[in-house]
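The structure file input_39.txt is reproduced below (compact mmCIF, N, CA and C atoms).
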```txt
# COMPACT_ATOMS: atom_id res chain seq x y z
N MET A 1 110.24 -63.68 17.60
CA MET A 1 111.17 -62.86 16.86
C MET A 1 110.39 -62.09 15.80
N THR A 2 110.71 -60.83 15.65
CA THR A 2 110.05 -60.01 14.63
C THR A 2 110.79 -60.14 13.30
N ILE A 3 110.15 -59.69 12.25
CA ILE A 3 110.80 -59.67 10.93
C ILE A 3 112.06 -58.83 11.00
N SER A 4 111.99 -57.69 11.64
CA SER A 4 113.14 -56.79 11.75
C SER A 4 114.31 -57.47 12.47
N GLN A 5 114.03 -58.15 13.56
CA GLN A 5 115.08 -58.85 14.31
C GLN A 5 115.68 -59.98 13.47
N PHE A 6 114.84 -60.70 12.76
CA PHE A 6 115.32 -61.78 11.90
C PHE A 6 116.25 -61.23 10.83
N LEU A 7 115.82 -60.21 10.13
CA LEU A 7 116.63 -59.64 9.05
C LEU A 7 117.95 -59.08 9.57
N ASP A 8 117.93 -58.51 10.76
CA ASP A 8 119.14 -57.94 11.35
C ASP A 8 120.25 -58.98 11.50
N VAL A 9 119.89 -60.22 11.77
CA VAL A 9 120.89 -61.31 11.89
C VAL A 9 121.70 -61.42 10.60
N TYR A 10 121.07 -61.11 9.48
CA TYR A 10 121.70 -61.26 8.16
C TYR A 10 122.17 -59.93 7.58
N GLY A 11 122.18 -58.88 8.38
CA GLY A 11 122.64 -57.58 7.91
C GLY A 11 121.64 -56.84 7.05
N LEU A 12 120.39 -57.27 7.09
CA LEU A 12 119.33 -56.68 6.27
C LEU A 12 118.37 -55.89 7.14
N SER A 13 117.56 -55.06 6.50
CA SER A 13 116.51 -54.32 7.19
C SER A 13 115.20 -54.52 6.46
N GLU A 14 114.13 -54.12 7.09
CA GLU A 14 112.82 -54.19 6.43
C GLU A 14 112.83 -53.37 5.15
N ASP A 15 113.50 -52.22 5.16
CA ASP A 15 113.55 -51.38 3.96
C ASP A 15 114.17 -52.11 2.77
N ASP A 16 115.12 -53.00 3.04
CA ASP A 16 115.74 -53.77 1.95
C ASP A 16 114.74 -54.69 1.27
N LEU A 17 113.66 -55.03 1.97
CA LEU A 17 112.66 -55.95 1.41
C LEU A 17 111.37 -55.23 1.03
N LYS A 18 111.47 -53.96 0.72
CA LYS A 18 110.30 -53.21 0.29
C LYS A 18 110.45 -52.82 -1.18
N PRO A 19 109.88 -53.63 -2.07
CA PRO A 19 109.95 -53.33 -3.50
C PRO A 19 108.99 -52.21 -3.88
N GLU A 20 109.06 -51.80 -5.12
CA GLU A 20 108.11 -50.83 -5.66
C GLU A 20 106.69 -51.34 -5.40
N ASN A 21 105.80 -50.46 -5.05
CA ASN A 21 104.39 -50.77 -4.79
C ASN A 21 104.16 -51.57 -3.50
N PHE A 22 105.13 -51.50 -2.58
CA PHE A 22 105.02 -52.21 -1.30
C PHE A 22 103.77 -51.76 -0.55
N LYS A 23 103.07 -52.76 0.03
CA LYS A 23 101.91 -52.46 0.88
C LYS A 23 102.19 -52.82 2.33
N GLU A 24 102.61 -54.08 2.58
CA GLU A 24 102.84 -54.54 3.94
C GLU A 24 103.54 -55.88 3.94
N PHE A 25 104.07 -56.23 5.09
CA PHE A 25 104.61 -57.57 5.27
C PHE A 25 103.47 -58.47 5.70
N GLY A 26 103.47 -59.67 5.16
CA GLY A 26 102.46 -60.65 5.51
C GLY A 26 103.04 -61.69 6.45
N GLU A 27 102.78 -62.93 6.12
CA GLU A 27 103.18 -64.04 6.98
C GLU A 27 104.70 -64.16 7.08
N PHE A 28 105.17 -64.45 8.28
CA PHE A 28 106.59 -64.68 8.55
C PHE A 28 106.71 -66.02 9.26
N ASN A 29 107.55 -66.88 8.71
CA ASN A 29 107.78 -68.20 9.32
C ASN A 29 109.27 -68.40 9.53
N LEU A 30 109.63 -68.97 10.67
CA LEU A 30 111.02 -69.26 10.99
C LEU A 30 111.12 -70.70 11.46
N MET A 31 112.03 -71.43 10.85
CA MET A 31 112.33 -72.78 11.29
C MET A 31 113.75 -72.77 11.83
N GLY A 32 113.92 -73.18 13.08
CA GLY A 32 115.23 -73.15 13.71
C GLY A 32 115.54 -71.80 14.30
N LYS A 33 116.76 -71.64 14.75
CA LYS A 33 117.23 -70.38 15.34
C LYS A 33 117.84 -69.52 14.24
N ALA A 34 117.38 -68.28 14.10
CA ALA A 34 117.90 -67.39 13.07
C ALA A 34 119.42 -67.35 13.13
N GLY A 35 120.05 -67.60 11.98
CA GLY A 35 121.50 -67.62 11.89
C GLY A 35 122.12 -68.96 12.22
N GLY A 36 121.32 -69.91 12.72
CA GLY A 36 121.82 -71.23 13.06
C GLY A 36 121.85 -72.15 11.85
N MET A 37 122.60 -73.22 11.96
CA MET A 37 122.74 -74.19 10.87
C MET A 37 121.38 -74.68 10.39
N SER A 38 121.18 -74.60 9.09
CA SER A 38 119.96 -75.03 8.40
C SER A 38 118.70 -74.27 8.81
N SER A 39 118.85 -73.16 9.51
CA SER A 39 117.66 -72.36 9.83
C SER A 39 117.12 -71.75 8.54
N MET A 40 115.82 -71.53 8.52
CA MET A 40 115.18 -70.99 7.34
C MET A 40 114.05 -70.06 7.75
N GLY A 41 113.99 -68.93 7.10
CA GLY A 41 112.89 -68.01 7.33
C GLY A 41 112.26 -67.61 6.01
N THR A 42 110.94 -67.49 6.01
CA THR A 42 110.24 -66.98 4.83
C THR A 42 109.41 -65.78 5.24
N ILE A 43 109.40 -64.81 4.37
CA ILE A 43 108.66 -63.56 4.61
C ILE A 43 107.80 -63.27 3.39
N GLU A 44 106.53 -63.04 3.62
CA GLU A 44 105.64 -62.63 2.55
C GLU A 44 105.68 -61.10 2.46
N VAL A 45 105.92 -60.61 1.25
CA VAL A 45 106.01 -59.17 1.01
C VAL A 45 104.88 -58.79 0.05
N LYS A 46 103.86 -58.16 0.59
CA LYS A 46 102.67 -57.83 -0.21
C LYS A 46 102.86 -56.50 -0.94
N VAL A 47 102.43 -56.49 -2.20
CA VAL A 47 102.51 -55.30 -3.03
C VAL A 47 101.15 -55.05 -3.69
N ASP A 48 101.01 -53.89 -4.30
CA ASP A 48 99.81 -53.59 -5.07
C ASP A 48 99.90 -54.35 -6.38
N LYS A 49 99.14 -55.43 -6.50
CA LYS A 49 99.27 -56.29 -7.68
C LYS A 49 98.75 -55.64 -8.95
N GLU A 50 97.92 -54.63 -8.81
CA GLU A 50 97.42 -53.93 -10.00
C GLU A 50 98.51 -53.04 -10.60
N GLN A 51 99.46 -52.64 -9.79
CA GLN A 51 100.52 -51.73 -10.24
C GLN A 51 101.85 -52.43 -10.52
N THR A 52 102.06 -53.60 -9.97
CA THR A 52 103.35 -54.28 -10.06
C THR A 52 103.56 -54.91 -11.43
N THR A 53 104.68 -54.56 -12.04
CA THR A 53 105.01 -55.06 -13.37
C THR A 53 106.25 -55.95 -13.31
N GLU A 54 106.51 -56.65 -14.39
CA GLU A 54 107.73 -57.45 -14.47
C GLU A 54 108.96 -56.56 -14.35
N GLU A 55 108.89 -55.37 -14.89
CA GLU A 55 110.01 -54.43 -14.78
C GLU A 55 110.26 -54.05 -13.33
N ASP A 56 109.18 -53.89 -12.54
CA ASP A 56 109.33 -53.61 -11.10
C ASP A 56 110.05 -54.76 -10.41
N MET A 57 109.67 -55.98 -10.76
CA MET A 57 110.30 -57.17 -10.16
C MET A 57 111.80 -57.18 -10.45
N ILE A 58 112.13 -57.01 -11.72
CA ILE A 58 113.53 -57.05 -12.13
C ILE A 58 114.32 -55.93 -11.46
N ALA A 59 113.73 -54.75 -11.36
CA ALA A 59 114.42 -53.63 -10.70
C ALA A 59 114.70 -53.95 -9.23
N TRP A 60 113.72 -54.54 -8.55
CA TRP A 60 113.91 -54.88 -7.14
C TRP A 60 114.97 -55.96 -6.98
N TYR A 61 114.96 -56.95 -7.86
CA TYR A 61 115.99 -57.99 -7.80
C TYR A 61 117.37 -57.37 -7.99
N GLY A 62 117.46 -56.36 -8.84
CA GLY A 62 118.74 -55.65 -9.01
C GLY A 62 119.18 -54.97 -7.73
N GLU A 63 118.23 -54.37 -7.02
CA GLU A 63 118.54 -53.75 -5.73
C GLU A 63 119.00 -54.79 -4.72
N LEU A 64 118.32 -55.94 -4.70
CA LEU A 64 118.73 -57.02 -3.79
C LEU A 64 120.14 -57.49 -4.13
N PHE A 65 120.43 -57.63 -5.41
CA PHE A 65 121.76 -58.08 -5.83
C PHE A 65 122.84 -57.15 -5.26
N GLY A 66 122.63 -55.85 -5.43
CA GLY A 66 123.61 -54.88 -4.94
C GLY A 66 123.77 -54.92 -3.43
N LYS A 67 122.67 -55.02 -2.71
CA LYS A 67 122.71 -55.07 -1.25
C LYS A 67 123.43 -56.33 -0.77
N LEU A 68 123.09 -57.47 -1.35
CA LEU A 68 123.68 -58.74 -0.92
C LEU A 68 125.16 -58.81 -1.27
N ALA A 69 125.54 -58.26 -2.43
CA ALA A 69 126.97 -58.24 -2.79
C ALA A 69 127.75 -57.41 -1.78
N SER A 70 127.12 -56.34 -1.26
CA SER A 70 127.81 -55.51 -0.26
C SER A 70 127.91 -56.24 1.08
N LEU A 71 127.01 -57.17 1.35
CA LEU A 71 127.05 -57.95 2.59
C LEU A 71 127.99 -59.15 2.50
N SER A 72 128.14 -59.71 1.31
CA SER A 72 128.99 -60.88 1.11
C SER A 72 130.41 -60.57 1.56
N ASP A 73 131.00 -61.44 2.36
CA ASP A 73 132.35 -61.13 2.84
C ASP A 73 133.42 -61.33 1.77
N THR A 74 133.03 -61.81 0.60
CA THR A 74 133.94 -61.85 -0.55
C THR A 74 133.58 -60.76 -1.56
N GLY A 75 132.46 -60.09 -1.34
CA GLY A 75 131.97 -59.11 -2.29
C GLY A 75 131.32 -59.74 -3.51
N LYS A 76 131.12 -61.07 -3.46
CA LYS A 76 130.58 -61.80 -4.60
C LYS A 76 129.34 -62.60 -4.20
N LEU A 77 128.48 -62.84 -5.18
CA LEU A 77 127.33 -63.71 -5.02
C LEU A 77 127.52 -64.91 -5.93
N TYR A 78 126.93 -66.03 -5.53
CA TYR A 78 127.18 -67.28 -6.23
C TYR A 78 125.87 -67.97 -6.61
N GLU A 79 125.95 -68.79 -7.66
CA GLU A 79 124.80 -69.52 -8.16
C GLU A 79 124.54 -70.79 -7.36
N ASP A 80 125.58 -71.30 -6.71
CA ASP A 80 125.47 -72.57 -6.02
C ASP A 80 126.00 -72.47 -4.60
N MET A 81 125.64 -73.44 -3.76
CA MET A 81 126.02 -73.37 -2.36
C MET A 81 127.46 -73.79 -2.09
N GLN A 82 128.20 -74.14 -3.13
CA GLN A 82 129.62 -74.42 -2.98
C GLN A 82 130.47 -73.20 -3.33
N GLY A 83 129.83 -72.17 -3.85
CA GLY A 83 130.56 -70.98 -4.26
C GLY A 83 131.39 -71.24 -5.51
N GLY A 84 130.96 -72.17 -6.33
CA GLY A 84 131.73 -72.53 -7.52
C GLY A 84 131.43 -71.69 -8.74
N ILE A 85 130.22 -71.12 -8.79
CA ILE A 85 129.83 -70.32 -9.96
C ILE A 85 129.45 -68.93 -9.49
N GLU A 86 130.27 -67.95 -9.84
CA GLU A 86 130.01 -66.57 -9.44
C GLU A 86 128.93 -65.96 -10.34
N LEU A 87 128.05 -65.19 -9.74
CA LEU A 87 127.02 -64.46 -10.48
C LEU A 87 127.56 -63.07 -10.79
N ALA A 88 127.53 -62.69 -12.05
CA ALA A 88 128.09 -61.41 -12.46
C ALA A 88 127.15 -60.24 -12.16
N ASP A 89 125.85 -60.49 -12.22
CA ASP A 89 124.89 -59.41 -12.05
C ASP A 89 123.52 -59.97 -11.71
N ALA A 90 122.55 -59.08 -11.52
CA ALA A 90 121.20 -59.52 -11.15
C ALA A 90 120.58 -60.39 -12.23
N GLU A 91 120.87 -60.11 -13.48
CA GLU A 91 120.32 -60.93 -14.57
C GLU A 91 120.77 -62.39 -14.42
N ALA A 92 122.02 -62.59 -14.03
CA ALA A 92 122.52 -63.96 -13.82
C ALA A 92 121.81 -64.61 -12.63
N ALA A 93 121.53 -63.83 -11.58
CA ALA A 93 120.82 -64.37 -10.42
C ALA A 93 119.38 -64.71 -10.77
N ILE A 94 118.79 -63.95 -11.67
CA ILE A 94 117.43 -64.25 -12.14
C ILE A 94 117.45 -65.52 -12.98
N ASP A 95 118.44 -65.64 -13.85
CA ASP A 95 118.56 -66.84 -14.69
C ASP A 95 118.79 -68.09 -13.85
N ALA A 96 119.47 -67.95 -12.72
CA ALA A 96 119.79 -69.10 -11.87
C ALA A 96 118.61 -69.56 -11.02
N ALA A 97 117.61 -68.71 -10.89
CA ALA A 97 116.50 -68.99 -9.97
C ALA A 97 115.51 -69.99 -10.53
N ASN A 98 115.04 -70.86 -9.65
CA ASN A 98 113.93 -71.74 -9.99
C ASN A 98 112.64 -70.98 -9.72
N THR A 99 111.66 -71.13 -10.58
CA THR A 99 110.40 -70.44 -10.38
C THR A 99 109.25 -71.35 -10.81
N ILE A 100 108.13 -71.18 -10.12
CA ILE A 100 106.95 -71.97 -10.48
C ILE A 100 106.00 -71.19 -11.39
N THR A 101 106.34 -69.94 -11.67
CA THR A 101 105.55 -69.14 -12.60
C THR A 101 106.45 -68.73 -13.76
N SER A 102 105.88 -68.11 -14.74
CA SER A 102 106.68 -67.64 -15.87
C SER A 102 107.36 -66.32 -15.56
N LEU A 103 107.07 -65.76 -14.40
CA LEU A 103 107.67 -64.48 -14.02
C LEU A 103 109.08 -64.69 -13.49
N PRO A 104 109.93 -63.67 -13.60
CA PRO A 104 111.30 -63.82 -13.11
C PRO A 104 111.35 -63.96 -11.59
N ALA A 105 112.30 -64.76 -11.14
CA ALA A 105 112.58 -64.91 -9.71
C ALA A 105 114.06 -64.59 -9.50
N PHE A 106 114.50 -64.60 -8.25
CA PHE A 106 115.87 -64.22 -7.91
C PHE A 106 116.42 -65.25 -6.92
N GLU A 107 117.68 -65.65 -7.11
CA GLU A 107 118.30 -66.57 -6.16
C GLU A 107 119.81 -66.41 -6.18
N CYS A 108 120.39 -66.42 -4.98
CA CYS A 108 121.84 -66.39 -4.88
C CYS A 108 122.29 -66.97 -3.55
N PHE A 109 123.57 -67.26 -3.47
CA PHE A 109 124.22 -67.73 -2.25
C PHE A 109 125.40 -66.79 -1.99
N TYR A 110 125.70 -66.56 -0.70
CA TYR A 110 126.84 -65.71 -0.38
C TYR A 110 127.36 -66.01 1.02
N PRO A 111 128.67 -65.84 1.22
CA PRO A 111 129.24 -66.05 2.55
C PRO A 111 129.01 -64.81 3.41
N TYR A 112 128.71 -65.05 4.68
CA TYR A 112 128.39 -63.95 5.58
C TYR A 112 128.71 -64.36 7.02
N PRO A 113 129.31 -63.46 7.81
CA PRO A 113 129.60 -63.79 9.21
C PRO A 113 128.33 -63.80 10.06
N LEU A 114 128.07 -64.92 10.71
CA LEU A 114 126.91 -65.07 11.59
C LEU A 114 127.40 -65.24 13.02
N PRO A 115 126.52 -65.12 14.00
CA PRO A 115 126.93 -65.26 15.40
C PRO A 115 127.65 -66.59 15.70
N ASP A 116 127.25 -67.66 15.01
CA ASP A 116 127.85 -68.98 15.27
C ASP A 116 129.00 -69.31 14.33
N GLY A 117 129.38 -68.41 13.43
CA GLY A 117 130.46 -68.66 12.49
C GLY A 117 130.13 -68.13 11.12
N ARG A 118 131.06 -68.28 10.21
CA ARG A 118 130.88 -67.79 8.84
C ARG A 118 129.94 -68.74 8.10
N GLY A 119 128.79 -68.22 7.69
CA GLY A 119 127.79 -69.04 7.04
C GLY A 119 127.70 -68.80 5.55
N PHE A 120 127.11 -69.76 4.86
CA PHE A 120 126.79 -69.60 3.45
C PHE A 120 125.27 -69.47 3.39
N ILE A 121 124.81 -68.31 2.95
CA ILE A 121 123.40 -67.94 2.99
C ILE A 121 122.78 -68.06 1.60
N GLN A 122 121.57 -68.57 1.53
CA GLN A 122 120.79 -68.53 0.31
C GLN A 122 119.68 -67.51 0.51
N LEU A 123 119.51 -66.63 -0.46
CA LEU A 123 118.36 -65.73 -0.47
C LEU A 123 117.66 -65.91 -1.80
N SER A 124 116.38 -66.22 -1.73
CA SER A 124 115.55 -66.39 -2.92
C SER A 124 114.33 -65.48 -2.79
N ALA A 125 113.87 -64.98 -3.92
CA ALA A 125 112.65 -64.18 -3.93
C ALA A 125 111.88 -64.52 -5.20
N SER A 126 110.58 -64.68 -5.06
CA SER A 126 109.73 -64.93 -6.21
C SER A 126 108.38 -64.27 -5.99
N TYR A 127 107.72 -63.97 -7.09
CA TYR A 127 106.45 -63.25 -7.05
C TYR A 127 105.32 -64.15 -7.53
N VAL A 128 104.21 -64.12 -6.79
CA VAL A 128 103.00 -64.85 -7.18
C VAL A 128 101.92 -63.82 -7.50
N PRO A 129 101.60 -63.66 -8.78
CA PRO A 129 100.68 -62.59 -9.17
C PRO A 129 99.28 -62.72 -8.58
N GLU A 130 98.80 -63.95 -8.39
CA GLU A 130 97.45 -64.13 -7.86
C GLU A 130 97.30 -63.55 -6.45
N SER A 131 98.35 -63.67 -5.65
CA SER A 131 98.30 -63.15 -4.28
C SER A 131 98.86 -61.74 -4.17
N GLY A 132 99.53 -61.28 -5.23
CA GLY A 132 100.15 -59.96 -5.16
C GLY A 132 101.23 -59.90 -4.10
N ALA A 133 102.01 -60.97 -3.99
CA ALA A 133 103.03 -61.02 -2.94
C ALA A 133 104.28 -61.75 -3.41
N TYR A 134 105.41 -61.24 -2.95
CA TYR A 134 106.67 -61.94 -3.10
C TYR A 134 106.82 -62.87 -1.90
N THR A 135 107.53 -63.95 -2.10
CA THR A 135 107.99 -64.77 -0.99
C THR A 135 109.51 -64.66 -0.98
N VAL A 136 110.05 -64.25 0.15
CA VAL A 136 111.49 -64.15 0.32
C VAL A 136 111.91 -65.25 1.29
N LEU A 137 112.87 -66.05 0.87
CA LEU A 137 113.39 -67.13 1.68
C LEU A 137 114.85 -66.85 2.01
N ILE A 138 115.20 -66.97 3.28
CA ILE A 138 116.59 -66.85 3.71
C ILE A 138 116.92 -68.12 4.47
N TRP A 139 117.96 -68.83 3.98
CA TRP A 139 118.33 -70.13 4.52
C TRP A 139 119.83 -70.17 4.79
N VAL A 140 120.21 -70.65 5.95
CA VAL A 140 121.63 -70.88 6.24
C VAL A 140 121.96 -72.25 5.65
N ALA A 141 122.62 -72.22 4.49
CA ALA A 141 122.90 -73.46 3.76
C ALA A 141 124.02 -74.26 4.38
N GLY A 142 124.86 -73.61 5.16
CA GLY A 142 125.96 -74.32 5.81
C GLY A 142 126.95 -73.33 6.40
N PHE A 143 127.91 -73.86 7.12
CA PHE A 143 128.97 -73.02 7.68
C PHE A 143 130.28 -73.31 6.95
N ILE A 144 131.11 -72.30 6.84
CA ILE A 144 132.36 -72.38 6.10
C ILE A 144 133.52 -72.29 7.09
N ARG A 145 134.49 -73.16 6.93
CA ARG A 145 135.68 -73.10 7.79
C ARG A 145 136.64 -72.06 7.30
```
Structure translated into structure tokens:
Amino acid sequence: MTISQFLDVYGLSEDDLKPENFKEFGEFNLMGKAGGMSSMGTIEVKVDKEQTTEEDMIAWYGELFGKLASLSDTGKLYEDMQGGIELADAEAAIDAANTITSLPAFECFYPYPLPDGRGFIQLSASYVPESGAYTVLIWVAGFIR
């Protein structure tokens, strides 16, 4: 499966994962069947690390927030996989994200129709300055009745 085919399952395109200073896609890993229960994919998104700033990161996370809210079948993004805490904006999604660096990361959950049923999707993105790459994780956290 290509990155493009994987992203298409979730209503996304490669262009949606091209932040400012994009260079190329790196490693792509898929566990399980895309769109299937507990499937998980990670995509390395390489950028020009000499040019990438924290402001670039935050701007891209804002773009992701808008795109994912448009894909969510409720029009909302959530902080948790139960859909109990709604995220008002990208800043809230950044605040909700776990990160291993001091740089901002992005995380949200949203309901989305998948081939096997209505799923609850997690999308996380974080930047590692040493490698000059974001890691984007897309996980089917569960199915919703």
May I ask for the distance between atom N of Phe106 of chain A and atom N of Ser126 of chain A, given in Å to one decimal place? 5.1 Å
Can you tell me, as a list in words, what residues are no more than 6.5 Å from Phe109 of chain A when counting only N, CA and C atoms, ignoring any on the same chain fewer than 6 positions away? Lys76, Leu77, Tyr78, Glu79, Asp80, Met81, Phe120, Ile121, Gln122 and Leu123 of chain A
Students should find that atom CA of Tyr127 of chain A and atom N of Asp73 of chain A are spaced 26.4 Å
Between A:Glu63, A:Glu86, A:Asp48, A:Glu130, which has the minimum distance to Lys23 of chain A (counting all atoms listed in the file)? A:Asp48
Can you pull out every residue within 7 Å of segment 4-17 of chain A, counting only N, CA and C atoms, but drop anything in the same chain fewer than 3 positions away, and send it as a PyMOL selection string? chain A and resi 1+34-35+45+64+71+114-115
